[in-house]
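Structure file query-v2.tsv; described as TSV, C-alpha atoms.
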chain	number	residue	atom	x	y	z
A	1	MET	CA	9.88	-67.86	10.95
A	2	ARG	CA	12.02	-66.93	13.94
A	3	THR	CA	14.50	-69.62	12.97
A	4	VAL	CA	14.81	-68.09	9.49
A	5	LYS	CA	15.50	-64.65	10.97
A	6	ILE	CA	18.18	-66.10	13.25
A	7	LEU	CA	19.82	-67.81	10.30
A	8	LEU	CA	19.76	-64.57	8.30
A	9	VAL	CA	21.40	-62.68	11.15
A	10	ILE	CA	24.09	-65.36	11.47
A	11	ALA	CA	24.71	-65.24	7.69
A	12	LEU	CA	25.01	-61.44	7.80
A	13	ILE	CA	27.52	-61.66	10.63
A	14	LEU	CA	29.58	-64.23	8.72
A	15	VAL	CA	29.55	-62.15	5.53
A	16	SER	CA	30.58	-59.02	7.46
A	17	ALA	CA	33.36	-60.92	9.17
A	18	LEU	CA	34.57	-62.35	5.86
A	19	TYR	CA	34.51	-58.89	4.22
A	20	GLY	CA	36.40	-57.42	7.14
A	21	TYR	CA	38.98	-60.19	6.97
A	22	THR	CA	39.37	-59.74	3.21
A	23	THR	CA	39.74	-55.98	3.55
A	24	VAL	CA	42.34	-56.31	6.30
A	25	SER	CA	44.09	-59.04	4.33
A	26	ASP	CA	44.21	-56.85	1.25
A	27	ARG	CA	45.64	-53.99	3.24
A	28	VAL	CA	48.23	-56.20	4.88
A	29	GLU	CA	49.23	-57.67	1.53
A	30	GLY	CA	49.13	-54.24	-0.18
A	31	ARG	CA	46.52	-55.18	-2.78
A	32	ASP	CA	44.52	-51.95	-2.29
A	33	VAL	CA	47.58	-49.69	-2.24
A	34	PRO	CA	47.80	-47.72	-5.51
A	35	PRO	CA	51.03	-47.71	-7.50
A	36	VAL	CA	53.30	-44.67	-7.17
A	37	ILE	CA	54.48	-42.59	-10.14
A	38	ARG	CA	57.67	-40.57	-9.82
A	39	CYS	CA	59.58	-38.16	-12.05
A	40	GLU	CA	62.93	-36.46	-11.72
A	41	GLU	CA	61.73	-32.90	-12.36
A	42	GLU	CA	58.64	-31.14	-11.02
A	43	LYS	CA	58.55	-28.89	-14.12
A	44	LEU	CA	59.38	-30.15	-17.59
A	45	VAL	CA	60.74	-27.53	-20.02
A	46	ILE	CA	59.99	-28.69	-23.55
A	47	SER	CA	59.40	-27.74	-27.17
A	48	VAL	CA	55.92	-27.87	-28.69
A	49	LYS	CA	57.30	-30.59	-30.96
A	50	THR	CA	58.19	-32.87	-28.04
A	51	THR	CA	56.91	-36.41	-28.63
A	52	GLU	CA	54.82	-38.56	-26.29
A	53	GLU	CA	57.83	-40.83	-25.83
A	54	GLU	CA	59.88	-37.86	-24.63
A	55	LEU	CA	57.09	-36.77	-22.26
A	56	LEU	CA	57.21	-40.24	-20.69
A	57	SER	CA	60.99	-40.26	-20.43
A	58	LYS	CA	62.33	-40.51	-16.85
A	59	VAL	CA	58.82	-41.13	-15.49
A	60	THR	CA	58.74	-44.32	-13.42
A	61	ALA	CA	56.06	-46.28	-11.56
A	62	TRP	CA	56.27	-48.88	-8.78
A	63	ASP	CA	53.65	-51.08	-7.13
A	64	GLU	CA	54.02	-53.11	-3.94
A	65	GLN	CA	52.50	-56.22	-5.54
A	66	ASP	CA	53.39	-55.86	-9.23
A	67	GLY	CA	56.79	-54.23	-8.92
A	68	ASP	CA	58.01	-52.04	-11.77
A	69	LEU	CA	55.10	-50.61	-13.80
A	70	THR	CA	57.07	-47.95	-15.68
A	71	ALA	CA	56.21	-49.47	-19.06
A	72	SER	CA	52.50	-49.14	-18.26
A	73	VAL	CA	52.51	-45.41	-17.48
A	74	GLN	CA	50.32	-43.40	-19.85
A	75	ILE	CA	49.57	-39.73	-20.38
A	76	SER	CA	46.07	-39.06	-19.10
A	77	GLY	CA	45.86	-35.53	-20.49
A	78	ILE	CA	47.36	-32.09	-20.87
A	79	SER	CA	45.49	-29.10	-19.47
A	80	LYS	CA	44.61	-25.83	-21.14
A	81	LEU	CA	47.25	-23.13	-20.88
A	82	LEU	CA	47.60	-21.78	-17.34
A	83	THR	CA	49.84	-18.91	-18.48
A	84	ASP	CA	51.17	-17.86	-21.88
A	85	ASP	CA	53.51	-20.86	-22.01
A	86	THR	CA	52.63	-23.19	-19.11
A	87	ALA	CA	50.24	-26.13	-18.77
A	88	LYS	CA	49.86	-29.25	-16.62
A	89	ILE	CA	50.36	-32.84	-17.70
A	90	THR	CA	48.84	-35.82	-15.84
A	91	TYR	CA	50.21	-39.36	-15.91
A	92	VAL	CA	48.26	-42.48	-14.92
A	93	VAL	CA	49.06	-46.16	-14.28
A	94	PHE	CA	46.98	-49.17	-13.14
A	95	ASP	CA	48.13	-52.21	-11.20
A	96	SER	CA	46.77	-55.76	-11.54
A	97	ASP	CA	44.21	-55.07	-8.78
A	98	HIS	CA	42.87	-52.10	-10.75
A	99	ASN	CA	44.23	-49.55	-8.33
A	100	VAL	CA	45.18	-46.32	-10.07
A	101	GLY	CA	48.17	-44.10	-9.48
A	102	THR	CA	48.40	-40.55	-10.87
A	103	LEU	CA	50.97	-37.79	-11.05
A	104	THR	CA	50.59	-34.21	-12.27
A	105	ARG	CA	53.42	-31.82	-13.09
A	106	TYR	CA	53.95	-28.58	-15.00
A	107	LEU	CA	54.97	-28.21	-18.63
A	108	GLN	CA	56.71	-25.06	-19.84
A	109	PHE	CA	56.90	-24.59	-23.60
A	110	THR	CA	60.00	-22.84	-24.91
A	111	ASP	CA	58.60	-22.09	-28.36
A	112	TYR	CA	54.83	-21.85	-28.00
A	113	GLU	CA	53.05	-19.27	-30.17
A	114	PRO	CA	49.34	-18.49	-30.54
A	115	ALA	CA	47.67	-19.69	-33.72
A	116	LYS	CA	48.18	-17.45	-36.76
A	117	PHE	CA	45.96	-16.58	-39.70
A	118	SER	CA	47.00	-16.38	-43.34
A	119	LEU	CA	45.40	-15.25	-46.60
A	120	SER	CA	45.99	-16.86	-49.98
A	121	GLU	CA	44.60	-13.75	-51.71
A	122	GLY	CA	43.11	-10.39	-50.85
A	123	LEU	CA	39.62	-10.04	-49.37
A	124	ILE	CA	38.21	-8.26	-52.40
A	125	TYR	CA	34.71	-9.13	-53.62
A	126	TYR	CA	32.20	-7.71	-56.05
A	127	ARG	CA	28.81	-6.72	-54.67
A	128	ASN	CA	27.02	-9.50	-56.52
A	129	GLU	CA	29.36	-12.11	-54.94
A	130	SER	CA	28.82	-13.91	-51.67
A	131	ILE	CA	31.61	-13.16	-49.21
A	132	ALA	CA	33.06	-16.52	-48.24
A	133	LEU	CA	36.25	-15.71	-46.33
A	134	LEU	CA	37.16	-19.33	-45.74
A	135	ASP	CA	37.90	-19.81	-49.44
A	136	ARG	CA	41.13	-17.86	-48.81
A	137	LEU	CA	41.50	-17.51	-45.03
A	138	SER	CA	43.25	-20.23	-43.03
A	139	ALA	CA	44.73	-20.70	-39.55
A	140	THR	CA	47.76	-22.68	-38.41
A	141	ASP	CA	48.75	-23.77	-34.90
A	142	VAL	CA	52.25	-24.76	-33.79
A	143	MET	CA	50.92	-27.87	-32.05
A	144	GLU	CA	48.02	-29.00	-34.20
A	145	GLY	CA	48.90	-27.68	-37.64
A	146	ASP	CA	45.93	-26.64	-39.77
A	147	ILE	CA	42.96	-25.55	-37.62
A	148	THR	CA	41.09	-23.64	-40.33
A	149	ASP	CA	37.91	-25.56	-39.51
A	150	MET	CA	37.94	-23.91	-36.06
A	151	ILE	CA	37.78	-20.34	-37.44
A	152	ARG	CA	34.75	-18.26	-36.46
A	153	VAL	CA	33.79	-15.19	-38.51
A	154	SER	CA	31.66	-12.20	-37.49
A	155	THR	CA	29.41	-10.11	-39.74
A	156	LEU	CA	30.75	-7.23	-41.83
A	157	THR	CA	31.07	-3.80	-40.24
A	158	ALA	CA	31.11	-0.65	-42.36
A	159	THR	CA	34.04	1.78	-42.12
A	160	SER	CA	34.38	5.45	-43.06
A	161	GLN	CA	35.50	4.35	-46.55
A	162	ALA	CA	32.57	3.53	-48.79
A	163	GLU	CA	34.03	0.32	-50.22
A	164	VAL	CA	35.89	-0.98	-47.17
A	165	TYR	CA	34.37	-3.09	-44.41
A	166	THR	CA	35.93	-4.96	-41.50
A	167	VAL	CA	35.31	-8.46	-40.23
A	168	ASP	CA	36.44	-10.01	-36.95
A	169	VAL	CA	37.82	-13.55	-37.06
A	170	GLN	CA	38.93	-15.79	-34.23
A	171	VAL	CA	40.25	-19.31	-33.75
A	172	THR	CA	40.80	-21.38	-30.58
A	173	ASN	CA	43.31	-24.22	-30.37
A	174	SER	CA	43.22	-27.31	-28.15
A	175	MET	CA	45.17	-25.46	-25.45
A	176	GLY	CA	42.25	-23.06	-25.03
A	177	ASP	CA	44.21	-20.17	-26.52
A	178	THR	CA	42.17	-17.85	-28.77
A	179	SER	CA	43.68	-15.72	-31.54
A	180	ARG	CA	41.64	-12.77	-32.78
A	181	LEU	CA	42.10	-10.47	-35.75
A	182	ARG	CA	40.20	-7.71	-37.52
A	183	LEU	CA	40.53	-7.88	-41.31
A	184	PRO	CA	39.53	-5.42	-44.03
A	185	VAL	CA	37.11	-6.56	-46.75
A	186	ILE	CA	36.67	-4.57	-49.96
A	187	GLN	CA	33.41	-4.70	-51.89
A	188	LEU	CA	33.55	-3.34	-55.44
A	189	ASP	CA	30.90	-2.36	-57.95
A	190	GLY	CA	30.85	-5.22	-60.44
A	191	LEU	CA	30.03	-2.89	-63.34
A	192	SER	CA	33.29	-0.97	-63.06
A	193	ILE	CA	36.41	-1.97	-64.92
A	194	ARG	CA	39.12	-1.82	-62.30
A	195	PRO	CA	42.80	-2.69	-62.20
A	196	LYS	CA	43.96	-5.38	-59.81
A	197	VAL	CA	46.77	-4.65	-57.38
A	198	VAL	CA	48.50	-7.95	-56.60
A	199	LEU	CA	50.51	-8.28	-53.39
A	200	LYS	CA	53.08	-10.91	-52.48
A	201	GLU	CA	51.25	-11.43	-49.19
A	202	TYR	CA	48.03	-10.04	-47.78
A	203	LEU	CA	48.53	-10.81	-44.10
A	204	ILE	CA	51.87	-10.80	-42.29
A	205	TYR	CA	53.15	-11.06	-38.72
A	206	ILE	CA	56.34	-9.21	-37.77
A	207	PRO	CA	58.21	-9.00	-34.44
A	208	GLN	CA	58.07	-5.81	-32.44
A	209	GLY	CA	60.89	-3.50	-33.49
A	210	ALA	CA	61.48	-5.22	-36.85
A	211	ALA	CA	62.09	-3.25	-40.04
A	212	PHE	CA	59.12	-2.95	-42.40
A	213	ASP	CA	59.12	-1.86	-46.05
A	214	SER	CA	55.57	-1.64	-47.39
A	215	ARG	CA	56.63	-1.43	-51.06
A	216	SER	CA	58.51	-4.73	-50.84
A	217	TYR	CA	55.14	-6.52	-50.54
A	218	LEU	CA	53.83	-5.13	-53.85
A	219	SER	CA	54.00	-7.71	-56.65
A	220	HIS	CA	52.42	-6.16	-59.74
A	221	VAL	CA	49.39	-4.42	-61.20
A	222	GLU	CA	47.01	-6.02	-63.69
A	223	THR	CA	44.94	-3.75	-65.93
A	224	PRO	CA	42.44	-4.55	-68.71
A	225	ASP	CA	45.05	-3.55	-71.30
A	226	GLY	CA	48.06	-5.18	-69.66
A	227	ARG	CA	50.25	-4.63	-66.64
A	228	GLY	CA	50.50	-1.24	-64.99
A	229	SER	CA	53.56	0.33	-63.44
A	230	ASN	CA	54.30	-0.38	-59.78
A	231	SER	CA	55.70	3.11	-59.46
A	232	ASP	CA	52.19	4.51	-59.99
A	233	VAL	CA	50.83	2.64	-56.97
A	234	THR	CA	50.11	4.92	-54.03
A	235	ILE	CA	50.76	3.35	-50.62
A	236	THR	CA	49.07	4.76	-47.53
A	237	GLY	CA	48.96	3.65	-43.92
A	238	LEU	CA	51.66	3.75	-41.27
A	239	VAL	CA	52.94	0.72	-39.37
A	240	ASP	CA	54.46	1.47	-35.96
A	241	THR	CA	56.67	-1.56	-35.44
A	242	ALA	CA	57.55	-0.31	-31.96
A	243	THR	CA	53.96	-0.81	-30.80
A	244	PRO	CA	52.21	-4.21	-30.96
A	245	GLY	CA	48.90	-4.13	-32.78
A	246	THR	CA	47.16	-4.62	-36.12
A	247	TYR	CA	47.80	-2.16	-38.95
A	248	MET	CA	46.38	-1.82	-42.46
A	249	VAL	CA	48.33	-0.60	-45.47
A	250	SER	CA	46.45	0.36	-48.65
A	251	TYR	CA	47.86	-0.01	-52.18
A	252	THR	CA	45.94	2.02	-54.78
A	253	TYR	CA	46.44	2.21	-58.54
A	254	PRO	CA	44.48	4.82	-60.58
A	255	TYR	CA	43.02	3.71	-63.91
A	256	GLU	CA	40.97	5.98	-66.15
A	257	LEU	CA	37.98	7.06	-64.05
A	258	THR	CA	38.37	4.40	-61.40
A	259	SER	CA	41.10	2.70	-59.34
A	260	GLY	CA	42.12	-0.64	-57.90
A	261	THR	CA	42.99	-1.23	-54.27
A	262	SER	CA	44.50	-3.99	-52.16
A	263	ILE	CA	45.14	-4.00	-48.45
A	264	LEU	CA	47.97	-5.58	-46.50
A	265	THR	CA	47.19	-6.41	-42.88
A	266	VAL	CA	50.28	-6.19	-40.66
A	267	VAL	CA	50.29	-7.70	-37.17
A	268	VAL	CA	53.11	-6.42	-34.96
A	269	GLU	CA	53.72	-8.91	-32.16
Reformat the file's structure so that it appears as structure tokens.
Amino acid sequence: MRTVKILLVIALILVSALYGYTTVSDRVEGRDVPPVIRCEEEKLVISVKTTEEELLSKVTAWDEQDGDLTASVQISGISKLLTDDTAKITYVVFDSDHNVGTLTRYLQFTDYEPAKFSLSEGLIYYRNESIALLDRLSATDVMEGDITDMIRVSTLTATSQAEVYTVDVQVTNSMGDTSRLRLPVIQLDGLSIRPKVVLKEYLIYIPQGAAFDSRSYLSHVETPDGRGSNSDVTITGLVDTATPGTYMVSYTYPYELTSGTSILTVVVE
């Protein structure tokens, strides 16, 4: 039994010595030294349409054993936005000994914009209809394109106007940036015969300080006995283009004992 213990101790010593030799040998030969990634610029100023190939341009990698590994450099990931237009990008490369080299630098986007909503028609429903906003509400992102499936909708909130409600919508893109908007929803009595005020657009974004002509967004009026006159449409609601915010403009057309209304939502950026 004692002999077995002695043999085990000797074997353990030999294994430890061999491991130590291998470790030292690897260090001497550079096999456990990770490859190094380098780039010319600490911050990369780019467009949101920049390709992966362009993001890898002028990024090089070198390993003591394998030499030039530039062709093996990959993008490990891009962070969420750190500021309104800045994120971090991380590069990674592996050598033949499975050592990993990484490099992180800043990205600054020259043309980044938050995701925007759009409406294909007005949010007007009859009281016996289910209100399904996503049949006409969509969202587009400058990086990902259509992100309508990421839209989240709140419940309706009543306003001081009997037929008008508001609903809050939001959408978050892959950069972690959330766009929010409050939209008007009109619920009409299905028994009434009402005219339809058709707009060219129902949701627009305009730059701060831009000119705005509310009547230019009126298309036409449809009535049960034909088209009505645009000149009879009353437009209410002021848009202060000097002040960023969300504004609502109402278009109302009187018809017999009732009226038809559409609302244009204007976002001043």
### Message
Let me make sure I understand: among A:Thr86, A:Arg215, A:Pro244, A:Asn173, which one has the smallest atom-to-atom distance to A:Ile46 if we use all atoms listed in the file?
### Response
A:Thr86
### Contacts of A:Leu56 at 9 Å (only C-alpha atoms; same-chain gap of 3+ positions) as a list in words
Thr51, Glu52, Glu53, Val59, Thr60, Val73, Gln74, Ile75 and Tyr91 of chain A
#### Entry: Atom pair atom CA of A:Lys196 / atom CA of A:Val249: separation (Å)
15.7 Å
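Shortest separation to A:Ala71 among A:Asp95, A:Asp141, A:Glu269, A:Asp146 occurs at residue A:Asp95, atoms counted being all atoms listed in the file.
Taking only C-alpha atoms into account, those protein, DNA and RNA residues with any atom at most 9 Å away from (33.1, -8.3, -45.4) amount to Leu123, Ile124, Tyr125, Ile131, Ala132, Leu133, Ser154, Thr155, Leu156, Thr157, Ala158, Val164, Tyr165, Thr166, Val167, Leu183, Pro184, Val185, Ile186 and Gln187 of chain A.
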Keeping only C-alpha atoms, write those residues as a short mmCIF file (atom, residue, chain, number, x, y, z; two decimals), in the frame of the given file.
data_model
loop_
_atom_site.label_atom_id
_atom_site.label_comp_id
_atom_site.auth_asym_id
_atom_site.auth_seq_id
_atom_site.Cartn_x
_atom_site.Cartn_y
_atom_site.Cartn_z
CA LEU A 123 39.62 -10.04 -49.37
CA ILE A 124 38.21 -8.26 -52.40
CA TYR A 125 34.71 -9.13 -53.62
CA ILE A 131 31.61 -13.16 -49.21
CA ALA A 132 33.06 -16.52 -48.24
CA LEU A 133 36.25 -15.71 -46.33
CA SER A 154 31.66 -12.20 -37.49
CA THR A 155 29.41 -10.11 -39.74
CA LEU A 156 30.75 -7.23 -41.83
CA THR A 157 31.07 -3.80 -40.24
CA ALA A 158 31.11 -0.65 -42.36
CA VAL A 164 35.89 -0.98 -47.17
CA TYR A 165 34.37 -3.09 -44.41
CA THR A 166 35.93 -4.96 -41.50
CA VAL A 167 35.31 -8.46 -40.23
CA LEU A 183 40.53 -7.88 -41.31
CA PRO A 184 39.53 -5.42 -44.03
CA VAL A 185 37.11 -6.56 -46.75
CA ILE A 186 36.67 -4.57 -49.96
CA GLN A 187 33.41 -4.70 -51.89
#
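Using all atoms listed in the file, the nearest neighbour of A:Ile193 within the list A:Val221, A:Ile151, A:Leu257, A:Leu181 is A:Leu257.
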### Query
Separation of atom CA of A:Ser138 and atom CA of A:Asp213, in Å?
24.5 Å
### Task
Could you pull out every residue with an atom within 12 Å of (48.9, -6.7, -53.7), file coordinates, counting all atoms listed in the file, and send them as a ChimeraX atom specification?
/A:119-124,195-203,214-222,230,233-235,249-253,260-265
### Task
Tell me which of A:Glu144, A:Asp177, A:Asp135, A:Glu64 sits closest to A:Thr83, counting all atoms listed in the file.
A:Asp177
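Going from atom CA of A:Phe117 to atom CA of A:Val153 covers 12.3 Å.
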### Message
as a PyMOL selection string, please: the residues near A:Val48 (cut-off 8 Å, only C-alpha atoms, same-chain neighbours under 4 positions excluded).
### Response
chain A and resi 109-112+142-143
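With only C-alpha atoms taken into account, the protein and nucleic acid residues at most 10 Å from A:Ile37 (excluding it and anything under 6 positions from it in its own chain) are Val59, Thr60, Ala61, Trp62, Asp63, Leu69, Thr70, Val73, Tyr91, Val92, Val93, Gly101, Thr102, Leu103 and Thr104 of chain A.
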Would you save the residues of that selection, restricted to C-alpha atoms, as a compact mmCIF listing (two decimals), in the coordinates of the input?
# COMPACT_ATOMS: atom_id res chain seq x y z
CA VAL A 59 58.82 -41.13 -15.49
CA THR A 60 58.74 -44.32 -13.42
CA ALA A 61 56.06 -46.28 -11.56
CA TRP A 62 56.27 -48.88 -8.78
CA ASP A 63 53.65 -51.08 -7.13
CA LEU A 69 55.10 -50.61 -13.80
CA THR A 70 57.07 -47.95 -15.68
CA VAL A 73 52.51 -45.41 -17.48
CA TYR A 91 50.21 -39.36 -15.91
CA VAL A 92 48.26 -42.48 -14.92
CA VAL A 93 49.06 -46.16 -14.28
CA GLY A 101 48.17 -44.10 -9.48
CA THR A 102 48.40 -40.55 -10.87
CA LEU A 103 50.97 -37.79 -11.05
CA THR A 104 50.59 -34.21 -12.27
## Note on the structure
Using all atoms listed in the file, the residue out of A:Pro114, A:Gly77, A:Gly245, A:Pro35 with shortest distance to A:Ser179 is A:Pro114
